[in-house]
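Colleague: Structure file target-v9.cif (mmCIF, C-alpha atoms) right here:
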data_model
#
loop_
_atom_site.group_PDB
_atom_site.id
_atom_site.type_symbol
_atom_site.label_atom_id
_atom_site.label_comp_id
_atom_site.auth_asym_id
_atom_site.auth_seq_id
_atom_site.Cartn_x
_atom_site.Cartn_y
_atom_site.Cartn_z
ATOM 1 C CA MET A 1 -12.767 -0.976 -0.286
ATOM 2 C CA LYS A 2 -15.390 -3.389 -1.518
ATOM 3 C CA LEU A 3 -13.004 -6.342 -1.188
ATOM 4 C CA ASP A 4 -12.877 -7.941 2.252
ATOM 5 C CA MET A 5 -10.292 -10.647 1.608
ATOM 6 C CA PRO A 6 -7.338 -11.245 -0.727
ATOM 7 C CA VAL A 7 -8.481 -12.092 -4.247
ATOM 8 C CA THR A 8 -6.417 -12.697 -7.374
ATOM 9 C CA GLY A 9 -5.450 -9.359 -8.885
ATOM 10 C CA GLY A 10 -6.429 -7.317 -5.838
ATOM 11 C CA PRO A 11 -4.365 -5.756 -3.045
ATOM 12 C CA CYS A 12 -3.494 -8.416 -0.500
ATOM 13 C CA TRP A 13 -0.826 -6.868 1.728
ATOM 14 C CA THR A 14 1.038 -3.691 2.575
ATOM 15 C CA GLU A 15 4.439 -3.383 4.179
ATOM 16 C CA LEU A 16 6.643 -0.571 5.378
ATOM 17 C CA GLY A 17 10.358 -0.399 4.744
ATOM 18 C CA THR A 18 11.793 1.867 7.423
ATOM 19 C CA SER A 19 15.092 3.256 8.653
ATOM 20 C CA ASP A 20 14.161 2.704 12.327
ATOM 21 C CA LEU A 21 12.278 -0.529 12.934
ATOM 22 C CA GLU A 22 11.738 -0.108 16.674
ATOM 23 C CA ALA A 23 10.513 3.490 16.364
ATOM 24 C CA ALA A 24 8.117 2.542 13.578
ATOM 25 C CA LYS A 25 6.754 -0.368 15.613
ATOM 26 C CA ARG A 26 5.987 2.007 18.505
ATOM 27 C CA PHE A 27 4.471 4.703 16.280
ATOM 28 C CA TYR A 28 2.007 2.433 14.494
ATOM 29 C CA ALA A 29 1.204 0.375 17.584
ATOM 30 C CA ASP A 30 0.167 3.567 19.359
ATOM 31 C CA LEU A 31 -1.651 4.971 16.320
ATOM 32 C CA PHE A 32 -3.592 1.902 15.180
ATOM 33 C CA GLY A 33 -3.444 -0.464 18.122
ATOM 34 C CA TRP A 34 -1.250 -2.917 16.239
ATOM 35 C CA ARG A 35 0.525 -5.775 17.977
ATOM 36 C CA PRO A 36 3.868 -6.155 16.152
ATOM 37 C CA GLU A 37 5.596 -9.540 16.165
ATOM 38 C CA THR A 38 9.132 -9.731 14.764
ATOM 39 C CA ASP A 39 10.138 -13.025 13.160
ATOM 40 C CA PRO A 40 13.093 -14.264 15.270
ATOM 41 C CA ARG A 41 14.661 -16.322 12.473
ATOM 42 C CA PRO A 42 17.917 -14.748 11.215
ATOM 43 C CA GLU A 43 16.889 -15.371 7.622
ATOM 44 C CA ALA A 44 13.762 -13.237 8.180
ATOM 45 C CA GLY A 45 15.937 -10.139 8.555
ATOM 46 C CA GLY A 46 13.789 -8.468 11.242
ATOM 47 C CA TYR A 47 10.544 -8.760 9.255
ATOM 48 C CA THR A 48 7.721 -7.776 11.591
ATOM 49 C CA VAL A 49 4.045 -8.598 11.135
ATOM 50 C CA ALA A 50 1.469 -6.335 12.782
ATOM 51 C CA HIS A 51 -1.709 -7.881 14.135
ATOM 52 C CA LEU A 52 -5.138 -6.719 15.208
ATOM 53 C CA GLY A 53 -6.614 -9.409 17.381
ATOM 54 C CA GLY A 54 -5.676 -12.644 15.653
ATOM 55 C CA ALA A 55 -5.445 -11.133 12.159
ATOM 56 C CA ALA A 56 -2.279 -10.082 10.362
ATOM 57 C CA VAL A 57 -2.871 -6.617 8.869
ATOM 58 C CA ALA A 58 0.482 -5.192 7.692
ATOM 59 C CA ALA A 59 4.238 -5.558 7.975
ATOM 60 C CA ILE A 60 7.173 -3.403 9.029
ATOM 61 C CA SER A 61 10.717 -4.249 8.008
ATOM 62 C CA PRO A 62 14.205 -2.750 7.994
ATOM 63 C CA LEU A 63 15.595 -1.406 4.736
ATOM 64 C CA TYR A 64 17.315 -4.290 2.978
ATOM 65 C CA GLN A 65 19.213 -2.281 0.340
ATOM 66 C CA GLU A 66 20.907 1.128 0.387
ATOM 67 C CA SER A 67 18.781 2.267 -2.547
ATOM 68 C CA GLN A 68 15.498 1.270 -0.883
ATOM 69 C CA PRO A 69 13.459 4.317 0.164
ATOM 70 C CA VAL A 70 11.567 4.667 3.422
ATOM 71 C CA ALA A 71 8.069 3.983 2.128
ATOM 72 C CA TRP A 72 4.921 1.924 2.316
ATOM 73 C CA ASN A 73 4.562 -0.682 -0.425
ATOM 74 C CA VAL A 74 1.459 -2.429 -1.772
ATOM 75 C CA SER A 75 1.333 -6.079 -2.854
ATOM 76 C CA PHE A 76 -1.151 -7.531 -5.338
ATOM 77 C CA SER A 77 -2.174 -11.175 -5.285
ATOM 78 C CA VAL A 78 -1.352 -13.318 -8.318
ATOM 79 C CA ALA A 79 -1.924 -16.985 -9.055
ATOM 80 C CA ASP A 80 1.516 -17.424 -10.630
ATOM 81 C CA ALA A 81 4.311 -14.947 -9.889
ATOM 82 C CA ASP A 82 6.418 -16.057 -12.844
ATOM 83 C CA ALA A 83 3.550 -15.613 -15.291
ATOM 84 C CA ALA A 84 2.691 -12.241 -13.717
ATOM 85 C CA VAL A 85 6.299 -11.062 -14.123
ATOM 86 C CA ALA A 86 6.183 -12.003 -17.801
ATOM 87 C CA ALA A 87 2.926 -10.049 -18.186
ATOM 88 C CA VAL A 88 4.422 -7.006 -16.450
ATOM 89 C CA GLN A 89 7.416 -7.007 -18.771
ATOM 90 C CA ALA A 90 5.288 -7.533 -21.881
ATOM 91 C CA ALA A 91 3.113 -4.560 -20.894
ATOM 92 C CA GLY A 92 6.060 -2.189 -20.488
ATOM 93 C CA GLY A 93 6.790 -2.561 -16.782
ATOM 94 C CA THR A 94 10.167 -3.293 -15.208
ATOM 95 C CA VAL A 95 10.915 -6.128 -12.795
ATOM 96 C CA VAL A 96 13.659 -5.274 -10.303
ATOM 97 C CA LEU A 97 13.526 -8.253 -7.922
ATOM 98 C CA GLY A 98 12.426 -11.845 -8.264
ATOM 99 C CA PRO A 99 10.411 -13.845 -8.650
ATOM 100 C CA MET A 100 11.826 -15.464 -5.532
ATOM 101 C CA ASP A 101 10.570 -17.753 -2.809
ATOM 102 C CA VAL A 102 10.060 -16.196 0.628
ATOM 103 C CA LEU A 103 10.707 -18.988 3.117
ATOM 104 C CA ASP A 104 7.608 -21.217 2.988
ATOM 105 C CA VAL A 105 5.023 -18.437 2.824
ATOM 106 C CA GLY A 106 4.879 -17.419 -0.838
ATOM 107 C CA ARG A 107 6.607 -16.289 -4.012
ATOM 108 C CA PHE A 108 7.398 -12.637 -4.480
ATOM 109 C CA ALA A 109 8.521 -10.040 -7.019
ATOM 110 C CA VAL A 110 8.996 -6.262 -7.116
ATOM 111 C CA ALA A 111 8.231 -4.246 -10.246
ATOM 112 C CA PHE A 112 7.760 -0.711 -11.538
ATOM 113 C CA ASP A 113 4.870 0.333 -13.751
ATOM 114 C CA PRO A 114 5.582 2.428 -16.891
ATOM 115 C CA GLY A 115 4.997 5.605 -14.867
ATOM 116 C CA GLY A 116 7.673 4.685 -12.319
ATOM 117 C CA ALA A 117 5.526 3.503 -9.380
ATOM 118 C CA ALA A 118 6.800 0.457 -7.499
ATOM 119 C CA PHE A 119 4.480 -2.392 -6.579
ATOM 120 C CA GLN A 120 4.812 -5.983 -5.456
ATOM 121 C CA LEU A 121 3.456 -9.295 -6.708
ATOM 122 C CA TRP A 122 2.531 -12.007 -4.216
ATOM 123 C CA GLN A 123 1.834 -15.642 -4.999
ATOM 124 C CA ALA A 124 0.460 -17.082 -1.775
ATOM 125 C CA ARG A 125 1.515 -20.366 -0.263
ATOM 126 C CA ALA A 126 1.301 -20.570 3.529
ATOM 127 C CA PHE A 127 0.418 -16.865 3.800
ATOM 128 C CA PRO A 128 -2.458 -15.458 1.701
ATOM 129 C CA GLY A 129 -2.119 -11.852 2.855
ATOM 130 C CA ALA A 130 -4.005 -9.623 5.259
ATOM 131 C CA GLY A 131 -6.606 -11.350 7.388
ATOM 132 C CA LEU A 132 -8.666 -8.193 7.915
ATOM 133 C CA PHE A 133 -9.734 -5.298 5.704
ATOM 134 C CA ASN A 134 -11.899 -2.198 6.202
ATOM 135 C CA ALA A 135 -11.808 -2.353 10.019
ATOM 136 C CA PRO A 136 -10.148 0.271 12.253
ATOM 137 C CA GLY A 137 -6.395 -0.155 11.888
ATOM 138 C CA ALA A 138 -6.652 -2.354 8.788
ATOM 139 C CA LEU A 139 -6.065 -1.640 5.110
ATOM 140 C CA GLY A 140 -9.101 0.000 3.546
ATOM 141 C CA TRP A 141 -7.987 1.483 0.196
ATOM 142 C CA VAL A 142 -4.940 1.830 -2.067
ATOM 143 C CA GLU A 143 -4.120 4.836 -4.230
ATOM 144 C CA LEU A 144 -1.787 5.266 -7.178
ATOM 145 C CA MET A 145 -0.130 8.666 -7.540
ATOM 146 C CA THR A 146 1.122 8.952 -11.121
ATOM 147 C CA ARG A 147 2.243 11.378 -13.822
ATOM 148 C CA ALA A 148 1.276 8.984 -16.632
ATOM 149 C CA PRO A 149 -2.419 8.190 -16.082
ATOM 150 C CA ASP A 150 -3.241 6.953 -19.583
ATOM 151 C CA ARG A 151 -0.204 4.714 -19.837
ATOM 152 C CA VAL A 152 -0.614 3.129 -16.413
ATOM 153 C CA THR A 153 -4.340 2.595 -16.914
ATOM 154 C CA GLU A 154 -3.537 0.558 -20.000
ATOM 155 C CA PHE A 155 -0.798 -1.252 -18.081
ATOM 156 C CA TYR A 156 -2.793 -2.304 -15.013
ATOM 157 C CA THR A 157 -5.945 -3.261 -16.879
ATOM 158 C CA GLY A 158 -3.806 -5.392 -19.182
ATOM 159 C CA VAL A 159 -1.722 -7.063 -16.470
ATOM 160 C CA PHE A 160 -4.402 -7.606 -13.812
ATOM 161 C CA GLY A 161 -7.672 -7.246 -15.726
ATOM 162 C CA TRP A 162 -8.852 -4.445 -13.449
ATOM 163 C CA THR A 163 -11.991 -2.474 -14.125
ATOM 164 C CA VAL A 164 -11.691 1.320 -14.138
ATOM 165 C CA SER A 165 -14.478 3.788 -13.372
ATOM 166 C CA THR A 166 -15.178 6.515 -15.911
ATOM 167 C CA SER A 167 -14.630 9.382 -13.454
ATOM 168 C CA GLU A 168 -12.105 11.867 -14.843
ATOM 169 C CA GLU A 169 -11.599 13.486 -11.437
ATOM 170 C CA TYR A 170 -10.810 10.270 -9.562
ATOM 171 C CA PRO A 171 -10.743 6.999 -11.540
ATOM 172 C CA GLN A 172 -11.204 3.941 -9.343
ATOM 173 C CA TRP A 173 -9.679 0.492 -9.762
ATOM 174 C CA GLY A 174 -11.750 -2.637 -9.253
ATOM 175 C CA ILE A 175 -12.037 -6.390 -9.674
ATOM 176 C CA ASP A 176 -15.235 -7.149 -11.583
ATOM 177 C CA GLY A 177 -16.532 -3.750 -10.473
ATOM 178 C CA ALA A 178 -15.641 -4.197 -6.770
ATOM 179 C CA ASP A 179 -13.531 -1.083 -6.235
ATOM 180 C CA PHE A 180 -10.438 -1.271 -4.054
ATOM 181 C CA GLY A 181 -8.425 1.815 -5.001
ATOM 182 C CA GLY A 182 -8.066 4.990 -6.999
ATOM 183 C CA MET A 183 -5.691 7.041 -9.088
ATOM 184 C CA VAL A 184 -4.491 10.620 -8.666
ATOM 185 C CA THR A 185 -2.709 12.414 -11.497
ATOM 186 C CA MET A 186 0.290 14.250 -10.069
ATOM 187 C CA GLY A 187 0.162 17.795 -11.404
ATOM 188 C CA ASP A 188 2.168 20.931 -10.716
ATOM 189 C CA LYS A 189 1.258 20.956 -7.023
ATOM 190 C CA PHE A 190 3.428 17.866 -6.468
ATOM 191 C CA PRO A 191 7.165 18.569 -6.106
ATOM 192 C CA HIS A 192 9.164 17.207 -9.021
ATOM 193 C CA GLU A 193 11.279 15.070 -6.694
ATOM 194 C CA VAL A 194 8.242 13.120 -5.429
ATOM 195 C CA PRO A 195 8.115 9.943 -7.550
ATOM 196 C CA SER A 196 5.021 8.127 -8.709
ATOM 197 C CA HIS A 197 3.981 5.687 -5.989
ATOM 198 C CA TRP A 198 1.300 3.488 -4.482
ATOM 199 C CA MET A 199 0.009 4.507 -1.052
ATOM 200 C CA PRO A 200 -2.135 2.534 1.425
ATOM 201 C CA TYR A 201 -5.048 4.036 3.314
ATOM 202 C CA PHE A 202 -5.887 2.582 6.708
ATOM 203 C CA THR A 203 -9.394 2.678 8.090
ATOM 204 C CA VAL A 204 -9.886 4.609 11.332
ATOM 205 C CA GLU A 205 -12.857 5.558 13.489
ATOM 206 C CA ASP A 206 -11.935 9.267 13.615
ATOM 207 C CA VAL A 207 -9.670 10.833 10.983
ATOM 208 C CA ASP A 208 -9.150 14.086 12.901
ATOM 209 C CA ALA A 209 -8.226 12.348 16.134
ATOM 210 C CA THR A 210 -5.849 10.002 14.302
ATOM 211 C CA ALA A 211 -4.162 12.913 12.508
ATOM 212 C CA ASN A 212 -3.704 14.743 15.804
ATOM 213 C CA ALA A 213 -2.284 11.625 17.465
ATOM 214 C CA ALA A 214 0.193 11.196 14.606
ATOM 215 C CA LEU A 215 1.345 14.807 14.987
ATOM 216 C CA LEU A 216 1.828 14.409 18.725
ATOM 217 C CA ALA A 217 3.906 11.277 18.071
ATOM 218 C CA GLY A 218 6.282 13.097 15.719
ATOM 219 C CA GLY A 219 4.486 12.539 12.411
ATOM 220 C CA HIS A 220 3.519 15.186 9.865
ATOM 221 C CA LEU A 221 0.401 16.183 7.945
ATOM 222 C CA LEU A 222 0.728 16.049 4.161
ATOM 223 C CA MET A 223 -2.985 16.647 3.606
ATOM 224 C CA GLU A 224 -5.194 17.945 6.385
ATOM 225 C CA PRO A 225 -8.398 16.076 7.219
ATOM 226 C CA MET A 226 -11.067 16.743 4.622
ATOM 227 C CA SER A 227 -14.401 15.268 3.594
ATOM 228 C CA VAL A 228 -14.427 13.980 0.011
ATOM 229 C CA PRO A 229 -17.614 14.824 -1.938
ATOM 230 C CA HIS A 230 -19.740 11.656 -2.034
ATOM 231 C CA GLY A 231 -16.958 9.877 -0.173
ATOM 232 C CA PRO A 232 -15.287 9.481 3.210
ATOM 233 C CA ARG A 233 -13.280 11.821 5.408
ATOM 234 C CA ILE A 234 -9.580 11.377 4.717
ATOM 235 C CA ALA A 235 -6.109 12.666 5.595
ATOM 236 C CA VAL A 236 -2.594 11.920 4.369
ATOM 237 C CA LEU A 237 0.172 11.617 6.944
ATOM 238 C CA ARG A 238 3.900 11.004 7.095
ATOM 239 C CA ASP A 239 5.452 8.982 9.878
ATOM 240 C CA PRO A 240 8.549 10.212 11.778
ATOM 241 C CA GLN A 241 10.877 8.294 9.433
ATOM 242 C CA GLY A 242 9.271 9.811 6.313
ATOM 243 C CA ALA A 243 6.819 7.210 4.957
ATOM 244 C CA ALA A 244 3.505 8.562 3.644
ATOM 245 C CA PHE A 245 0.174 6.844 4.260
ATOM 246 C CA GLY A 246 -3.489 7.767 4.264
ATOM 247 C CA VAL A 247 -6.307 7.299 6.752
ATOM 248 C CA HIS A 248 -10.026 7.327 6.119
ATOM 249 C CA VAL A 249 -13.260 6.471 7.821
ATOM 250 C CA ALA A 250 -15.136 3.454 6.534
ATOM 251 C CA GLY A 251 -17.682 4.275 3.839
ATOM 252 C CA GLU A 252 -18.237 4.514 0.140
ATOM 253 C CA GLU A 253 -15.153 5.810 -1.654
ATOM 254 C CA GLY A 254 -15.228 8.348 -4.424
#
Once you've parsed the file, please lay out its structure as structure tokens.

Modeller:
Amino acid sequence: MKLDMPVTGGPCWTELGTSDLEAAKRFYADLFGWRPETDPRPEAGGYTVAHLGGAAVAAISPLYQESQPVAWNVSFSVADADAAVAAVQAAGGTVVLGPMDVLDVGRFAVAFDPGGAAFQLWQARAFPGAGLFNAPGALGWVELMTRAPDRVTEFYTGVFGWTVSTSEEYPQWGIDGADFGGMVTMGDKFPHEVPSHWMPYFTVEDVDATANAALLAGGHLLMEPMSVPHGPRIAVLRDPQGAAFGVHVAGEEG
């Protein structure tokens, strides 16, 4: 990721909704060295922020609705959540929650793109988003898995003003050319029941060692470690509760 701090339109935060908060806290603390801190306020609903050193890097929370899947979610920074929601709807997306204030930290909404992938909008107040990117254990890339590449490209470039590389094999999203993510078209190799989704990649020092540690801790391999041509070494994992995420070594993507 060429972004090293939250910027308007770019990914600013990632959070896990999980069926077992305590187990997830242990799994990711062991895997990435995170220090999880659960907000003790009843109104926070068990929301837990993971830290590396003094920096907030991700969140883990219980499932707040019966329909909510166990999954990682990606938030994008916006200057005005209400205006962003209007832009999402005008471009063919669907807003399913918000905009709503989250305590004193920001304003928040959840939406689906026209291909069915969920994402979140974050208007910062007291909390701007992750305090660290591209370091071991921190967010380093985001990837959209979709079955409607043309439609969602039009959607995201219209809503956020993203740039898109011309690569047909792996288009990359960017802000003024600073790439932060990519897009994979879900073909026949993806089971029909797997929905379109955004997935975070966390930076690690050793992809193979991290994948092995995840397996030993009860996780699963969805994509074995591999070196991407002209890019980093990557793997895709699933935690013991079923949430998918990627890991990669720092370097030039794509």

Colleague: Select, from A:Leu103, A:Glu193, A:Asp179, A:Gly116, the residue with the minimum atom-to-atom distance to Arg41 in chain A, counting all atoms listed in the file.

Modeller: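 Checking each candidate against Arg41 in chain A, we get A:Leu103 as the closest.
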
Colleague: Pick out the closest residue to Gly187 in chain A from this set: A:Gly174, A:Gly246, A:Gly161, A:Met145. Count only C-alpha atoms.

Modeller: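 The shortest atom-to-atom distance to Gly187 in chain A comes from A:Met145.
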
Colleague: List the residues selected by the PyMOL selection byres ((chain A and resi 2) around 8) in the file shown, writing them as a list in words.

Modeller: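 Here the PyMOL selection byres ((chain A and resi 2) around 8) matches Met1, Leu3, Asp4, Ala178, Asp179 and Phe180 of chain A.
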
Colleague: Please identify all polymer residues within 7 Å of Gln120 in chain A, counting all atoms listed in the file, omitting same-chain residues fewer than 4 positions from it, and present them as a JSON list (two decimals) with C-alpha atoms, in the frame of the given file.

Modeller:
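Written out: out23.json:
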[["chain", "number", "residue", "atom", "x", "y", "z"],
["A", 74, "VAL", "CA", 1.46, -2.43, -1.77],
["A", 75, "SER", "CA", 1.33, -6.08, -2.85],
["A", 76, "PHE", "CA", -1.15, -7.53, -5.34],
["A", 109, "ALA", "CA", 8.52, -10.04, -7.02],
["A", 110, "VAL", "CA", 9.00, -6.26, -7.12],
["A", 111, "ALA", "CA", 8.23, -4.25, -10.25]]

Colleague: Take the PyMOL selection byres ((chain A and resi 123) around 7), run it mentally on this structure, and tell me the resulting residues as a list in words.

Modeller: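 When the PyMOL selection byres ((chain A and resi 123) around 7) is applied, the selected residues are Ser77, Val78, Ala79, Asp80, Ala81, Gly106, Arg107, Phe108, Leu121, Trp122, Ala124 and Arg125 of chain A.
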
Colleague: Determine the residue set returned by the PyMOL selection byres ((chain A and resi 129) around 6) for the present structure, and present it as a VMD selection string.

Modeller: chain A and resid 12 to 13 127 to 128 130

Colleague: How far is it from CA of Ala50 in chain A to CA of Lys25 in chain A, in Å with one decimal?

Modeller: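 Separating CA of Ala50 in chain A from CA of Lys25 in chain A is a distance of 8.5 Å.
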
Colleague: Kindly indicate which residue among A:Ala126, A:Leu21, A:Val236, A:Ala58 lies nearest to Arg35 in chain A, using all atoms listed in the file for the distances.

Modeller: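 Once distances to Arg35 in chain A are computed over all atoms listed in the file, the minimum belongs to A:Ala58.
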
Colleague: Hey, which of A:Thr157, A:Ser19, A:Gln241, A:Thr210 ends up closest to Val88 in chain A? Count only C-alpha atoms.

Modeller: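 Closest to Val88 in chain A of all the choices is A:Thr157.
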
Colleague: Report, in Å with one decimal, the straight-line distance from CA of Gly54 in chain A to CA of Arg233 in chain A.

Modeller: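 Rounded to one decimal, the two atoms are 27.6 Å apart.
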
Colleague: From the list A:Val204, A:Ile175, A:Leu221, A:Val85, which residue is nearest Gly137 in chain A when using only C-alpha atoms?

Modeller: A:Val204

Colleague: To one decimal place in Å, what is the distance between CA of His248 in chain A and CA of Ile234 in chain A?

Modeller: 4.3 Å

Colleague: Give the answer as one residue: which of A:Ala71, A:Ser196, A:Thr146, A:Ala235 has the shortest atom-to-atom distance to Val184 in chain A, using all atoms listed in the file?

Modeller: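 Answer, going by the shortest atom-to-atom distance: A:Thr146.
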
Colleague: Would you pick out the contacts of Val249 in chain A at 9 Å or less, using all atoms listed in the file, so that residues sharing its chain but fewer than 2 positions from it are not included, and give the list as a ChimeraX atom specification?

Modeller: /A:134,136,140,202-207,232-234,247,251

Colleague: Using all atoms listed in the file - which residues lie no farther than 8 Å from the point (5.6, 12.5, 13.8) in the file's frame? Write them as a list in words.

Modeller: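 Residues with an atom close enough to that point: Ala214, Leu215, Leu216, Ala217, Gly218, Gly219, His220, Arg238, Asp239 and Pro240 of chain A.
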
Colleague: Produce the centre coordinates and the three edge lengths, each in Å to one decimal, of the box along x, y and z that contains all listed atoms of range 110-129 of chain A with 5 Å added on each side, as AutoDock Vina command-line options.

Modeller:
--center_x 3.3 --center_y -7.5 --center_z -6.5 --size_x 21.5 --size_y 36.2 --size_z 30.7

Colleague: Could you give me, as a PyMOL selection string, the residues within 12 Å of range 65-68 of chain A, counting only C-alpha atoms and dropping anything in the same chain fewer than 3 positions from it?

Modeller: chain A and resi 16-19+45+61-62+71-73+96-97+110+118

Colleague: Any chance you can output those residues with C-alpha atoms as a compact mmCIF listing (two decimals), keeping the file's coordinate frame?

Modeller:
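File produced: out34.txt:
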# COMPACT_ATOMS: atom_id res chain seq x y z
CA LEU A 16 6.64 -0.57 5.38
CA GLY A 17 10.36 -0.40 4.74
CA THR A 18 11.79 1.87 7.42
CA SER A 19 15.09 3.26 8.65
CA GLY A 45 15.94 -10.14 8.56
CA SER A 61 10.72 -4.25 8.01
CA PRO A 62 14.20 -2.75 7.99
CA ALA A 71 8.07 3.98 2.13
CA TRP A 72 4.92 1.92 2.32
CA ASN A 73 4.56 -0.68 -0.42
CA VAL A 96 13.66 -5.27 -10.30
CA LEU A 97 13.53 -8.25 -7.92
CA VAL A 110 9.00 -6.26 -7.12
CA ALA A 118 6.80 0.46 -7.50
